[in-house]
file data-v6.pdb (PDB, C-alpha atoms, pLDDT in the B column)
ATOM      1  CA  MET S 114       0.000   0.000   0.000  1.00 37.00           C
ATOM      2  CA  MET S 115       1.337   3.413  -0.988  1.00 45.00           C
ATOM      3  CA  LEU S 116       1.112   6.427   1.294  1.00 48.00           C
ATOM      4  CA  MET S 117      -0.389   9.668   0.012  1.00 43.00           C
ATOM      5  CA  PRO S 118       2.324  12.338  -0.549  1.00 50.00           C
ATOM      6  CA  ASP S 119       1.098  14.732   2.170  1.00 49.00           C
ATOM      7  CA  VAL S 120       0.617  11.913   4.687  1.00 47.00           C
ATOM      8  CA  ALA S 121       4.018  10.450   3.822  1.00 59.00           C
ATOM      9  CA  LEU S 122       5.680  13.839   4.357  1.00 66.00           C
ATOM     10  CA  ASP S 123       4.102  14.276   7.809  1.00 71.00           C
ATOM     11  CA  ILE S 124       5.257  10.810   8.854  1.00 76.00           C
ATOM     12  CA  LEU S 125       8.676  10.867   7.189  1.00 83.00           C
ATOM     13  CA  LEU S 126       9.834  14.308   8.366  1.00 87.00           C
ATOM     14  CA  PRO S 127      10.389  13.252  12.022  1.00 88.00           C
ATOM     15  CA  ALA S 128      12.160  10.124  10.754  1.00 91.00           C
ATOM     16  CA  VAL S 129      14.404  12.255   8.516  1.00 92.00           C
ATOM     17  CA  LEU S 130      15.293  14.463  11.485  1.00 94.00           C
ATOM     18  CA  ALA S 131      15.935  11.440  13.710  1.00 94.00           C
ATOM     19  CA  GLY S 132      18.098   9.834  11.036  1.00 95.00           C
ATOM     20  CA  SER S 133      20.095  13.029  10.652  1.00 96.00           C
ATOM     21  CA  LEU S 134      20.803  13.057  14.391  1.00 96.00           C
ATOM     22  CA  VAL S 135      21.979   9.439  14.298  1.00 96.00           C
ATOM     23  CA  ILE S 136      24.188  10.087  11.277  1.00 97.00           C
ATOM     24  CA  ALA S 137      25.705  13.240  12.790  1.00 96.00           C
ATOM     25  CA  THR S 138      27.508  11.374  15.570  1.00 95.00           C
ATOM     26  CA  HIS S 139      27.842   7.905  14.078  1.00 95.00           C
ATOM     27  CA  VAL S 140      29.874   8.775  10.981  1.00 95.00           C
ATOM     28  CA  PRO S 141      32.917  10.112  12.895  1.00 94.00           C
ATOM     29  CA  LEU S 142      32.521   7.466  15.601  1.00 94.00           C
ATOM     30  CA  GLY S 143      32.336   4.727  12.970  1.00 93.00           C
ATOM     31  CA  ILE S 144      35.663   5.791  11.486  1.00 92.00           C
ATOM     32  CA  GLN S 145      37.233   5.578  14.947  1.00 90.00           C
ATOM     33  CA  VAL S 146      35.690   2.167  15.587  1.00 89.00           C
ATOM     34  CA  LEU S 147      37.213   0.776  12.387  1.00 89.00           C
ATOM     35  CA  ARG S 148      40.582   2.312  13.220  1.00 87.00           C
ATOM     36  CA  ARG S 149      40.532   0.735  16.677  1.00 82.00           C
ATOM     37  CA  GLY S 150      39.367  -2.649  15.329  1.00 79.00           C
ATOM     38  CA  ILE S 151      36.485  -2.982  17.813  1.00 80.00           C
ATOM     39  CA  ILE S 152      33.708  -3.498  15.281  1.00 80.00           C
ATOM     40  CA  PHE S 153      31.115  -5.073  17.549  1.00 82.00           C
ATOM     41  CA  ILE S 154      31.329  -2.573  20.399  1.00 84.00           C
ATOM     42  CA  ASP S 155      28.271  -0.874  18.892  1.00 80.00           C
ATOM     43  CA  LEU S 156      26.128  -3.983  19.210  1.00 83.00           C
ATOM     44  CA  ALA S 157      27.298  -4.567  22.769  1.00 89.00           C
ATOM     45  CA  ILE S 158      26.678  -1.011  24.009  1.00 90.00           C
ATOM     46  CA  ALA S 159      23.370  -0.802  22.136  1.00 86.00           C
ATOM     47  CA  GLN S 160      22.133  -3.998  23.768  1.00 88.00           C
ATOM     48  CA  VAL S 161      23.219  -2.755  27.188  1.00 91.00           C
ATOM     49  CA  ALA S 162      21.475   0.583  26.610  1.00 88.00           C
ATOM     50  CA  GLY S 163      18.316  -1.240  25.543  1.00 86.00           C
ATOM     51  CA  LEU S 164      18.510  -3.356  28.675  1.00 89.00           C
ATOM     52  CA  GLY S 165      18.816  -0.235  30.832  1.00 89.00           C
ATOM     53  CA  ALA S 166      15.829   1.401  29.143  1.00 84.00           C
ATOM     54  CA  TYR S 167      13.686  -1.687  29.617  1.00 82.00           C
ATOM     55  CA  LEU S 168      14.690  -2.020  33.269  1.00 87.00           C
ATOM     56  CA  VAL S 169      13.448   1.518  33.936  1.00 87.00           C
ATOM     57  CA  THR S 170      10.213   0.795  32.078  1.00 81.00           C
ATOM     58  CA  MET S 171       9.734  -2.403  34.030  1.00 82.00           C
ATOM     59  CA  LEU S 172      10.343  -0.697  37.388  1.00 84.00           C
ATOM     60  CA  LEU S 173       8.358   2.505  36.760  1.00 82.00           C
ATOM     61  CA  GLY S 174       5.736   1.173  34.372  1.00 76.00           C
ATOM     62  CA  GLU S 175       4.791   2.058  30.815  1.00 71.00           C
ATOM     63  CA  ALA S 176       4.106   5.651  31.905  1.00 71.00           C
ATOM     64  CA  ALA S 177       7.784   6.219  32.765  1.00 72.00           C
ATOM     65  CA  SER S 178       9.001   9.556  31.415  1.00 77.00           C
ATOM     66  CA  GLN S 179      11.507   9.719  28.565  1.00 75.00           C
ATOM     67  CA  VAL S 180      13.993  11.414  30.895  1.00 79.00           C
ATOM     68  CA  TRP S 181      14.071   8.455  33.304  1.00 82.00           C
ATOM     69  CA  ILE S 182      14.244   5.949  30.457  1.00 82.00           C
ATOM     70  CA  GLN S 183      17.178   7.768  28.880  1.00 82.00           C
ATOM     71  CA  ALA S 184      18.869   8.113  32.288  1.00 87.00           C
ATOM     72  CA  GLY S 185      18.617   4.380  32.927  1.00 89.00           C
ATOM     73  CA  ALA S 186      19.898   3.528  29.469  1.00 89.00           C
ATOM     74  CA  VAL S 187      22.826   5.969  29.710  1.00 90.00           C
ATOM     75  CA  ALA S 188      23.785   4.795  33.204  1.00 91.00           C
ATOM     76  CA  LEU S 189      23.990   1.133  32.205  1.00 93.00           C
ATOM     77  CA  ALA S 190      25.730   1.942  28.914  1.00 91.00           C
ATOM     78  CA  LEU S 191      28.349   4.048  30.719  1.00 91.00           C
ATOM     79  CA  ALA S 192      28.924   1.214  33.200  1.00 91.00           C
ATOM     80  CA  ALA S 193      29.562  -1.141  30.282  1.00 90.00           C
ATOM     81  CA  ALA S 194      31.852   1.437  28.655  1.00 86.00           C
ATOM     82  CA  TRP S 195      33.914   1.814  31.820  1.00 86.00           C
ATOM     83  CA  LEU S 196      34.152  -1.976  32.038  1.00 85.00           C
ATOM     84  CA  LEU S 197      35.512  -2.076  28.484  1.00 82.00           C
ATOM     85  CA  VAL S 198      38.013   0.673  29.312  1.00 78.00           C
ATOM     86  CA  ALA S 199      39.251  -1.400  32.253  1.00 80.00           C
ATOM     87  CA  THR S 200      39.579  -4.569  30.181  1.00 79.00           C
ATOM     88  CA  GLU S 201      41.351  -2.670  27.384  1.00 72.00           C
ATOM     89  CA  ARG S 202      44.005  -1.590  29.877  1.00 69.00           C
ATOM     90  CA  LEU S 203      44.476  -5.213  30.922  1.00 69.00           C
ATOM     91  CA  THR S 204      44.544  -6.748  27.448  1.00 68.00           C
ATOM     92  CA  VAL S 205      44.147  -5.204  24.026  1.00 66.00           C
ATOM     93  CA  ARG S 206      44.479  -8.589  22.345  1.00 72.00           C
ATOM     94  CA  TYR S 207      41.270  -9.989  23.843  1.00 76.00           C
ATOM     95  CA  GLN S 208      39.195  -6.800  23.759  1.00 79.00           C
ATOM     96  CA  GLU S 209      36.952  -8.000  20.916  1.00 80.00           C
ATOM     97  CA  PRO S 210      36.024 -11.281  22.686  1.00 84.00           C
ATOM     98  CA  VAL S 211      35.201  -9.295  25.844  1.00 85.00           C
ATOM     99  CA  ILE S 212      32.937  -7.043  23.778  1.00 86.00           C
ATOM    100  CA  GLY S 213      31.229 -10.146  22.394  1.00 87.00           C
ATOM    101  CA  ILE S 214      30.634 -11.472  25.911  1.00 90.00           C
ATOM    102  CA  VAL S 215      29.101  -8.151  27.002  1.00 90.00           C
ATOM    103  CA  PHE S 216      26.819  -8.261  23.967  1.00 89.00           C
ATOM    104  CA  VAL S 217      25.576 -11.795  24.509  1.00 92.00           C
ATOM    105  CA  LEU S 218      25.007 -11.233  28.243  1.00 93.00           C
ATOM    106  CA  ALA S 219      22.976  -8.068  27.590  1.00 90.00           C
ATOM    107  CA  ALA S 220      21.011  -9.711  24.763  1.00 88.00           C
ATOM    108  CA  THR S 221      20.095 -12.770  26.815  1.00 92.00           C
ATOM    109  CA  ALA S 222      19.246 -10.600  29.849  1.00 91.00           C
ATOM    110  CA  VAL S 223      16.699  -8.737  27.707  1.00 87.00           C
ATOM    111  CA  ILE S 224      15.197 -12.032  26.543  1.00 88.00           C
ATOM    112  CA  LEU S 225      14.932 -13.306  30.126  1.00 90.00           C
ATOM    113  CA  LEU S 226      13.279 -10.096  31.333  1.00 86.00           C
ATOM    114  CA  LEU S 227      10.809 -10.172  28.449  1.00 85.00           C
ATOM    115  CA  ALA S 228       9.959 -13.857  28.904  1.00 83.00           C
ATOM    116  CA  LYS S 229       6.900 -13.205  31.089  1.00 79.00           C
ATOM    117  CA  ASP S 230       5.889  -9.938  29.421  1.00 78.00           C
ATOM    118  CA  PRO S 231       2.789 -10.422  27.207  1.00 77.00           C
ATOM    119  CA  HIS S 232       4.184  -7.701  24.941  1.00 74.00           C
ATOM    120  CA  GLY S 233       7.715  -9.071  25.086  1.00 71.00           C
ATOM    121  CA  GLY S 234       7.933  -9.872  21.384  1.00 74.00           C
ATOM    122  CA  GLU S 235       6.846  -6.357  20.476  1.00 77.00           C
ATOM    123  CA  HIS S 236       9.363  -4.773  22.875  1.00 72.00           C
ATOM    124  CA  LEU S 237      12.157  -6.960  21.513  1.00 76.00           C
ATOM    125  CA  ALA S 238      11.283  -6.040  17.921  1.00 78.00           C
ATOM    126  CA  ASP S 239      11.306  -2.351  18.862  1.00 78.00           C
ATOM    127  CA  LEU S 240      14.728  -2.708  20.474  1.00 79.00           C
ATOM    128  CA  LEU S 241      16.236  -4.487  17.464  1.00 80.00           C
ATOM    129  CA  ALA S 242      14.492  -2.904  14.472  1.00 78.00           C
ATOM    130  CA  GLY S 243      13.492   0.407  16.071  1.00 78.00           C
ATOM    131  CA  GLN S 244      10.498   2.666  15.533  1.00 81.00           C
ATOM    132  CA  ILE S 245      12.121   5.584  13.747  1.00 88.00           C
ATOM    133  CA  LEU S 246       8.951   6.263  11.769  1.00 83.00           C
ATOM    134  CA  TRP S 247       6.946   6.940  14.934  1.00 83.00           C
ATOM    135  CA  ILE S 248       9.396   8.961  16.997  1.00 86.00           C
ATOM    136  CA  SER S 249       7.810  11.622  19.201  1.00 85.00           C
ATOM    137  CA  LYS S 250       8.588  15.341  19.201  1.00 86.00           C
ATOM    138  CA  THR S 251       9.716  15.122  22.821  1.00 85.00           C
ATOM    139  CA  GLN S 252      12.177  12.360  22.015  1.00 85.00           C
ATOM    140  CA  LEU S 253      13.442  14.329  19.024  1.00 90.00           C
ATOM    141  CA  LEU S 254      14.033  17.368  21.218  1.00 91.00           C
ATOM    142  CA  TYR S 255      15.978  15.415  23.849  1.00 87.00           C
ATOM    143  CA  SER S 256      17.982  13.642  21.156  1.00 90.00           C
ATOM    144  CA  ALA S 257      18.797  16.895  19.345  1.00 93.00           C
ATOM    145  CA  LEU S 258      20.102  18.505  22.539  1.00 93.00           C
ATOM    146  CA  ALA S 259      22.144  15.401  23.342  1.00 92.00           C
ATOM    147  CA  THR S 260      23.555  15.273  19.803  1.00 95.00           C
ATOM    148  CA  VAL S 261      24.696  18.899  19.908  1.00 95.00           C
ATOM    149  CA  ALA S 262      26.395  18.261  23.271  1.00 95.00           C
ATOM    150  CA  LEU S 263      28.027  15.095  21.939  1.00 94.00           C
ATOM    151  CA  LEU S 264      29.380  16.777  18.819  1.00 94.00           C
ATOM    152  CA  ALA S 265      30.819  19.586  20.946  1.00 95.00           C
ATOM    153  CA  ALA S 266      32.420  17.072  23.332  1.00 93.00           C
ATOM    154  CA  MET S 267      33.810  15.004  20.441  1.00 90.00           C
ATOM    155  CA  PHE S 268      35.463  18.134  19.025  1.00 88.00           C
ATOM    156  CA  ALA S 269      36.791  19.294  22.390  1.00 89.00           C
ATOM    157  CA  LEU S 270      38.085  15.863  23.441  1.00 83.00           C
ATOM    158  CA  ARG S 271      39.429  14.701  20.076  1.00 77.00           C
ATOM    159  CA  GLY S 272      42.669  12.807  20.458  1.00 67.00           C
ATOM    160  CA  ARG S 273      41.893  11.706  24.014  1.00 75.00           C
ATOM    161  CA  ALA S 274      41.588   7.949  23.782  1.00 68.00           C
ATOM    162  CA  ARG S 275      40.020   7.451  27.222  1.00 71.00           C
ATOM    163  CA  ALA S 276      37.122   9.794  26.396  1.00 81.00           C
ATOM    164  CA  PHE S 277      36.104   7.650  23.410  1.00 85.00           C
ATOM    165  CA  TYR S 278      34.206   4.941  25.292  1.00 84.00           C
ATOM    166  CA  GLY S 279      32.142   7.358  27.372  1.00 88.00           C
ATOM    167  CA  LEU S 280      31.140   9.502  24.392  1.00 91.00           C
ATOM    168  CA  PHE S 281      30.460   6.387  22.361  1.00 91.00           C
ATOM    169  CA  ALA S 282      28.212   4.943  25.064  1.00 91.00           C
ATOM    170  CA  VAL S 283      26.105   8.102  25.291  1.00 91.00           C
ATOM    171  CA  ALA S 284      25.845   8.435  21.496  1.00 93.00           C
ATOM    172  CA  ILE S 285      24.746   4.831  21.086  1.00 91.00           C
ATOM    173  CA  THR S 286      22.219   5.174  23.900  1.00 89.00           C
ATOM    174  CA  VAL S 287      20.619   8.219  22.302  1.00 89.00           C
ATOM    175  CA  SER S 288      20.504   6.583  18.878  1.00 90.00           C
ATOM    176  CA  VAL S 289      19.261   3.139  19.837  1.00 88.00           C
ATOM    177  CA  GLN S 290      16.191   4.665  21.477  1.00 83.00           C
ATOM    178  CA  MET S 291      15.277   6.172  18.116  1.00 86.00           C
ATOM    179  CA  ALA S 292      16.519   3.723  15.524  1.00 90.00           C
ATOM    180  CA  GLY S 293      17.068   0.302  17.128  1.00 88.00           C
ATOM    181  CA  VAL S 294      20.150  -1.896  17.378  1.00 88.00           C
ATOM    182  CA  TYR S 295      20.316  -3.024  13.731  1.00 91.00           C
ATOM    183  CA  LEU S 296      20.064   0.433  12.180  1.00 93.00           C
ATOM    184  CA  VAL S 297      22.497   1.980  14.663  1.00 92.00           C
ATOM    185  CA  PHE S 298      25.074  -0.704  13.878  1.00 92.00           C
ATOM    186  CA  ALA S 299      24.624  -0.288  10.116  1.00 95.00           C
ATOM    187  CA  THR S 300      24.925   3.509  10.361  1.00 96.00           C
ATOM    188  CA  LEU S 301      28.119   3.206  12.350  1.00 94.00           C
ATOM    189  CA  ILE S 302      29.902   0.616  10.215  1.00 95.00           C
ATOM    190  CA  ILE S 303      28.710   0.702   6.587  1.00 96.00           C
ATOM    191  CA  PRO S 304      29.595   4.308   5.612  1.00 97.00           C
ATOM    192  CA  ALA S 305      32.970   4.131   7.375  1.00 95.00           C
ATOM    193  CA  LEU S 306      33.820   0.778   5.776  1.00 95.00           C
ATOM    194  CA  ALA S 307      32.676   1.819   2.299  1.00 95.00           C
ATOM    195  CA  THR S 308      34.956   4.871   2.303  1.00 95.00           C
ATOM    196  CA  ALA S 309      37.985   3.319   4.032  1.00 93.00           C
ATOM    197  CA  ARG S 310      40.133   3.673   0.888  1.00 91.00           C
ATOM    198  CA  LEU S 311      39.980   7.457   1.181  1.00 90.00           C
ATOM    199  CA  GLY S 312      42.171   7.480   4.296  1.00 83.00           C
ATOM    200  CA  THR S 313      41.387   9.559   7.376  1.00 76.00           C
ATOM    201  CA  GLY S 314      41.001  13.094   6.016  1.00 84.00           C
ATOM    202  CA  ALA S 315      38.085  15.398   5.346  1.00 89.00           C
ATOM    203  CA  ARG S 316      37.351  13.755   1.999  1.00 91.00           C
ATOM    204  CA  ARG S 317      36.533  10.471   3.703  1.00 94.00           C
ATOM    205  CA  MET S 318      34.353  12.214   6.279  1.00 95.00           C
ATOM    206  CA  VAL S 319      32.328  13.960   3.569  1.00 95.00           C
ATOM    207  CA  ALA S 320      32.012  10.727   1.578  1.00 95.00           C
ATOM    208  CA  SER S 321      30.860   8.821   4.671  1.00 96.00           C
ATOM    209  CA  TYR S 322      28.200  11.418   5.464  1.00 97.00           C
ATOM    210  CA  ALA S 323      27.004  11.367   1.848  1.00 97.00           C
ATOM    211  CA  THR S 324      26.798   7.563   1.896  1.00 97.00           C
ATOM    212  CA  ALA S 325      24.810   7.579   5.136  1.00 97.00           C
ATOM    213  CA  PHE S 326      22.319  10.208   3.973  1.00 97.00           C
ATOM    214  CA  ALA S 327      21.855   8.429   0.642  1.00 97.00           C
ATOM    215  CA  GLY S 328      21.150   5.136   2.424  1.00 97.00           C
ATOM    216  CA  TYR S 329      18.618   6.723   4.744  1.00 96.00           C
ATOM    217  CA  GLY S 330      16.970   8.463   1.806  1.00 95.00           C
ATOM    218  CA  LEU S 331      16.619   5.201  -0.093  1.00 95.00           C
ATOM    219  CA  GLY S 332      15.196   3.401   2.920  1.00 94.00           C
ATOM    220  CA  LEU S 333      12.709   6.089   3.901  1.00 92.00           C
ATOM    221  CA  VAL S 334      11.404   6.565   0.374  1.00 90.00           C
ATOM    222  CA  GLY S 335      11.163   2.808  -0.117  1.00 91.00           C
ATOM    223  CA  SER S 336       9.266   2.458   3.148  1.00 87.00           C
ATOM    224  CA  ALA S 337       6.764   5.145   2.109  1.00 84.00           C
ATOM    225  CA  VAL S 338       6.240   3.713  -1.353  1.00 86.00           C
ATOM    226  CA  PHE S 339       6.096  -0.010  -0.566  1.00 86.00           C
ATOM    227  CA  ASP S 340       4.750   0.168   3.023  1.00 84.00           C
ATOM    228  CA  LEU S 341       7.580  -1.976   4.421  1.00 86.00           C
ATOM    229  CA  PRO S 342       9.272  -1.751   7.862  1.00 88.00           C
ATOM    230  CA  THR S 343      11.374   1.392   7.859  1.00 89.00           C
ATOM    231  CA  GLY S 344      14.383   0.406   9.989  1.00 91.00           C
ATOM    232  CA  PRO S 345      15.277  -2.809   8.128  1.00 92.00           C
ATOM    233  CA  LEU S 346      14.726  -1.091   4.776  1.00 94.00           C
ATOM    234  CA  ILE S 347      17.119   1.724   5.739  1.00 95.00           C
ATOM    235  CA  VAL S 348      19.719  -0.922   6.634  1.00 96.00           C
ATOM    236  CA  TRP S 349      19.393  -2.263   3.083  1.00 97.00           C
ATOM    237  CA  GLY S 350      19.498   1.293   1.748  1.00 96.00           C
ATOM    238  CA  LEU S 351      22.773   1.825   3.601  1.00 97.00           C
ATOM    239  CA  ALA S 352      24.127  -1.415   2.142  1.00 97.00           C
ATOM    240  CA  ILE S 353      23.231  -0.309  -1.405  1.00 97.00           C
ATOM    241  CA  GLY S 354      24.666   3.149  -0.794  1.00 96.00           C
ATOM    242  CA  GLY S 355      27.776   1.574   0.714  1.00 96.00           C
ATOM    243  CA  ILE S 356      28.362  -0.617  -2.348  1.00 96.00           C
ATOM    244  CA  ALA S 357      27.966   2.397  -4.628  1.00 96.00           C
ATOM    245  CA  ALA S 358      30.379   4.415  -2.477  1.00 96.00           C
ATOM    246  CA  LEU S 359      32.896   1.573  -2.439  1.00 94.00           C
ATOM    247  CA  VAL S 360      32.854   1.324  -6.246  1.00 94.00           C
ATOM    248  CA  LEU S 361      33.225   5.095  -6.577  1.00 93.00           C
ATOM    249  CA  CYS S 362      36.099   5.168  -4.085  1.00 90.00           C
ATOM    250  CA  ARG S 363      37.882   2.435  -6.021  1.00 88.00           C
ATOM    251  CA  CYS S 364      37.551   4.493  -9.194  1.00 88.00           C
ATOM    252  CA  LEU S 365      38.914   7.576  -7.437  1.00 80.00           C
ATOM    253  CA  THR S 366      41.847   5.721  -5.814  1.00 79.00           C
ATOM    254  CA  PRO S 367      42.817   2.969  -8.294  1.00 72.00           C
ATOM    255  CA  GLY S 368      46.349   2.556  -6.939  1.00 61.00           C
ATOM    256  CA  ARG S 369      45.396   1.691  -3.358  1.00 59.00           C
ATOM    257  CA  ASP S 370      44.756  -1.750  -1.909  1.00 55.00           C
TER     258      ASP S 370
END
call {"tool": "encode", "arguments": {"input": "data-v6.pdb", "output": "structure tokens"}}
result
Amino acid sequence: MMLMPDVALDILLPAVLAGSLVIATHVPLGIQVLRRGIIFIDLAIAQVAGLGAYLVTMLLGEAASQVWIQAGAVALALAAAWLLVATERLTVRYQEPVIGIVFVLAATAVILLLAKDPHGGEHLADLLAGQILWISKTQLLYSALATVALLAAMFALRGRARAFYGLFAVAITVSVQMAGVYLVFATLIIPALATARLGTGARRMVASYATAFAGYGLGLVGSAVFDLPTGPLIVWGLAIGGIAALVLCRCLTPGRD
């Protein structure tokens, strides 16, 4: 079923704004993640943040305010980030397996908590695939303020390795509440990976942003036209945009591996 143009615009505009906020922080963070070789930290922190948000909802009820939900998610995500900082100091070699353990523990904890919830399947789907198409104005406002603060902190603290995990945890927490685990992971990794041949300069940053926005555009338009789930379709849009960017980067840098 196709959406009418005016209806589609009203529904898609908040999703476009939410996607822009996710992209704003995740493109530079994604480049750092690839450089550090900790690819799955996004999945781990996102799952932990989702666990924190659900714990607050479970304790305070469905009427829990967005502020408390975000606070719970950020607190647990920061705890996981500090744990990863501690383990990185002990052993860089086994950092990726530790990240995998954090991910699987958080993921299974969510499943256990949802086991007796009659709406557990719906909550789990929201955590994984997100509800970017139905984001509220209040959530957009909180996320916009957090994104501006994050971008300022990322600029001010650039080059400080120990600040990375904390900023990353907060950024992932803000994004996963809007877009879900799958879309947050794809936004972080696909644009950065597709443009890796361009090095670490401004040209790569611009290309990564362009790839991300193109992927979101494809997914959102496809969702409006074909009436398919928005989050998963944006993931596929990012994949298509990433392939196109990779081919273009190869043409621009033919001499590089």
call {"tool": "atom_distance", "arguments": {"input": "data-v6.pdb", "atom1": "CA of Leu218 in chain S", "atom2": "CA of Arg149 in chain S"}}
result
22.8 Å
call {"tool": "residues_around", "arguments": {"input": "data-v6.pdb", "residues": "Ile154 in chain S", "least_positions_apart": "3", "cutoff": "9 Å", "atoms": "all atoms listed in the file", "output": "PyMOL selection string"}}
result
chain S and resi 146+151+157-159+209+212-213+215-216
call {"tool": "atom_distance", "arguments": {"input": "data-v6.pdb", "atom1": "CA of Gln160 in chain S", "atom2": "CA of Ala219 in chain S"}}
result
5.6 Å
call {"tool": "resolve_selection", "arguments": {"input": "data-v6.pdb", "expression": "the PyMOL selection byres ((chain S and resi 275) around 12)", "output": "PDB file with C-alpha atoms, in the frame of the given file"}}
result
ATOM      1  CA  ALA S 194      31.852   1.437  28.655  1.00 86.00           C
ATOM      2  CA  TRP S 195      33.914   1.814  31.820  1.00 86.00           C
ATOM      3  CA  LEU S 197      35.512  -2.076  28.484  1.00 82.00           C
ATOM      4  CA  VAL S 198      38.013   0.673  29.312  1.00 78.00           C
ATOM      5  CA  ALA S 199      39.251  -1.400  32.253  1.00 80.00           C
ATOM      6  CA  GLU S 201      41.351  -2.670  27.384  1.00 72.00           C
ATOM      7  CA  ARG S 202      44.005  -1.590  29.877  1.00 69.00           C
ATOM      8  CA  MET S 267      33.810  15.004  20.441  1.00 90.00           C
ATOM      9  CA  LEU S 270      38.085  15.863  23.441  1.00 83.00           C
ATOM     10  CA  ARG S 271      39.429  14.701  20.076  1.00 77.00           C
ATOM     11  CA  GLY S 272      42.669  12.807  20.458  1.00 67.00           C
ATOM     12  CA  ARG S 273      41.893  11.706  24.014  1.00 75.00           C
ATOM     13  CA  ALA S 274      41.588   7.949  23.782  1.00 68.00           C
ATOM     14  CA  ALA S 276      37.122   9.794  26.396  1.00 81.00           C
ATOM     15  CA  PHE S 277      36.104   7.650  23.410  1.00 85.00           C
ATOM     16  CA  TYR S 278      34.206   4.941  25.292  1.00 84.00           C
ATOM     17  CA  GLY S 279      32.142   7.358  27.372  1.00 88.00           C
ATOM     18  CA  LEU S 280      31.140   9.502  24.392  1.00 91.00           C
ATOM     19  CA  PHE S 281      30.460   6.387  22.361  1.00 91.00           C
TER      20      PHE S 281
END
call {"tool": "resolve_selection", "arguments": {"input": "data-v6.pdb", "expression": "the PyMOL selection byres ((chain S and resi 220-234) around 12)", "output": "number ranges by chain"}}
result
S: 156-172, 175, 213-219, 235-242, 294
call {"tool": "residues_around", "arguments": {"input": "data-v6.pdb", "residues": "Pro342 in chain S", "least_positions_apart": "4", "cutoff": "10 Å", "atoms": "all atoms listed in the file", "output": "list in words"}}
result
Ala242, Gly243, Gln244, Ile245, Leu246, Gly332, Leu333, Gly335, Ser336, Ala337, Leu346 and Ile347 of chain S
call {"tool": "residues_around", "arguments": {"input": "data-v6.pdb", "residues": "Tyr322 in chain S", "least_positions_apart": "3", "cutoff": "8 Å", "atoms": "only C-alpha atoms", "output": "PyMOL selection string"}}
result
chain S and resi 136-137+140+304+318-319+325-326
call {"tool": "residues_around", "arguments": {"input": "data-v6.pdb", "residues": "Ser288 in chain S", "least_positions_apart": "4", "cutoff": "8 Å", "atoms": "all atoms listed in the file", "output": "PyMOL selection string"}}
result
chain S and resi 134-135+256+284+292-293+297
call {"tool": "resolve_selection", "arguments": {"input": "data-v6.pdb", "expression": "the PyMOL selection byres ((chain S and resi 361) around 12)", "output": "ChimeraX atom specification"}}
result
/S:307-311,320,324,354-360,362-367
call {"tool": "write_last_selection", "arguments": {"input": "data-v6.pdb", "atoms": "C-alpha atoms", "output": "CSV table (one decimal), keeping the file's coordinate frame"}}
result
chain,number,residue,atom,x,y,z
S,307,ALA,CA,32.7,1.8,2.3
S,308,THR,CA,35.0,4.9,2.3
S,309,ALA,CA,38.0,3.3,4.0
S,310,ARG,CA,40.1,3.7,0.9
S,311,LEU,CA,40.0,7.5,1.2
S,320,ALA,CA,32.0,10.7,1.6
S,324,THR,CA,26.8,7.6,1.9
S,354,GLY,CA,24.7,3.1,-0.8
S,355,GLY,CA,27.8,1.6,0.7
S,356,ILE,CA,28.4,-0.6,-2.3
S,357,ALA,CA,28.0,2.4,-4.6
S,358,ALA,CA,30.4,4.4,-2.5
S,359,LEU,CA,32.9,1.6,-2.4
S,360,VAL,CA,32.9,1.3,-6.2
S,362,CYS,CA,36.1,5.2,-4.1
S,363,ARG,CA,37.9,2.4,-6.0
S,364,CYS,CA,37.6,4.5,-9.2
S,365,LEU,CA,38.9,7.6,-7.4
S,366,THR,CA,41.8,5.7,-5.8
S,367,PRO,CA,42.8,3.0,-8.3
call {"tool": "closest_residue", "arguments": {"input": "data-v6.pdb", "among": "S:Met291, S:Ile285, S:Ala305, S:Ala192", "to": "Pro127 in chain S", "atoms": "all atoms listed in the file"}}
result
S:Met291
call {"tool": "closest_residue", "arguments": {"input": "data-v6.pdb", "among": "S:Thr313, S:Gly185, S:Gly350, S:Ala190", "to": "Gly330 in chain S", "atoms": "all atoms listed in the file"}}
result
S:Gly350
call {"tool": "atom_distance", "arguments": {"input": "data-v6.pdb", "atom1": "CA of Ala282 in chain S", "atom2": "CA of Ile124 in chain S"}}
result
28.7 Å
call {"tool": "closest_residue", "arguments": {"input": "data-v6.pdb", "among": "S:Ala315, S:Leu306, S:Val289, S:Val180", "to": "Leu254 in chain S", "atoms": "all atoms listed in the file"}}
result
S:Val180
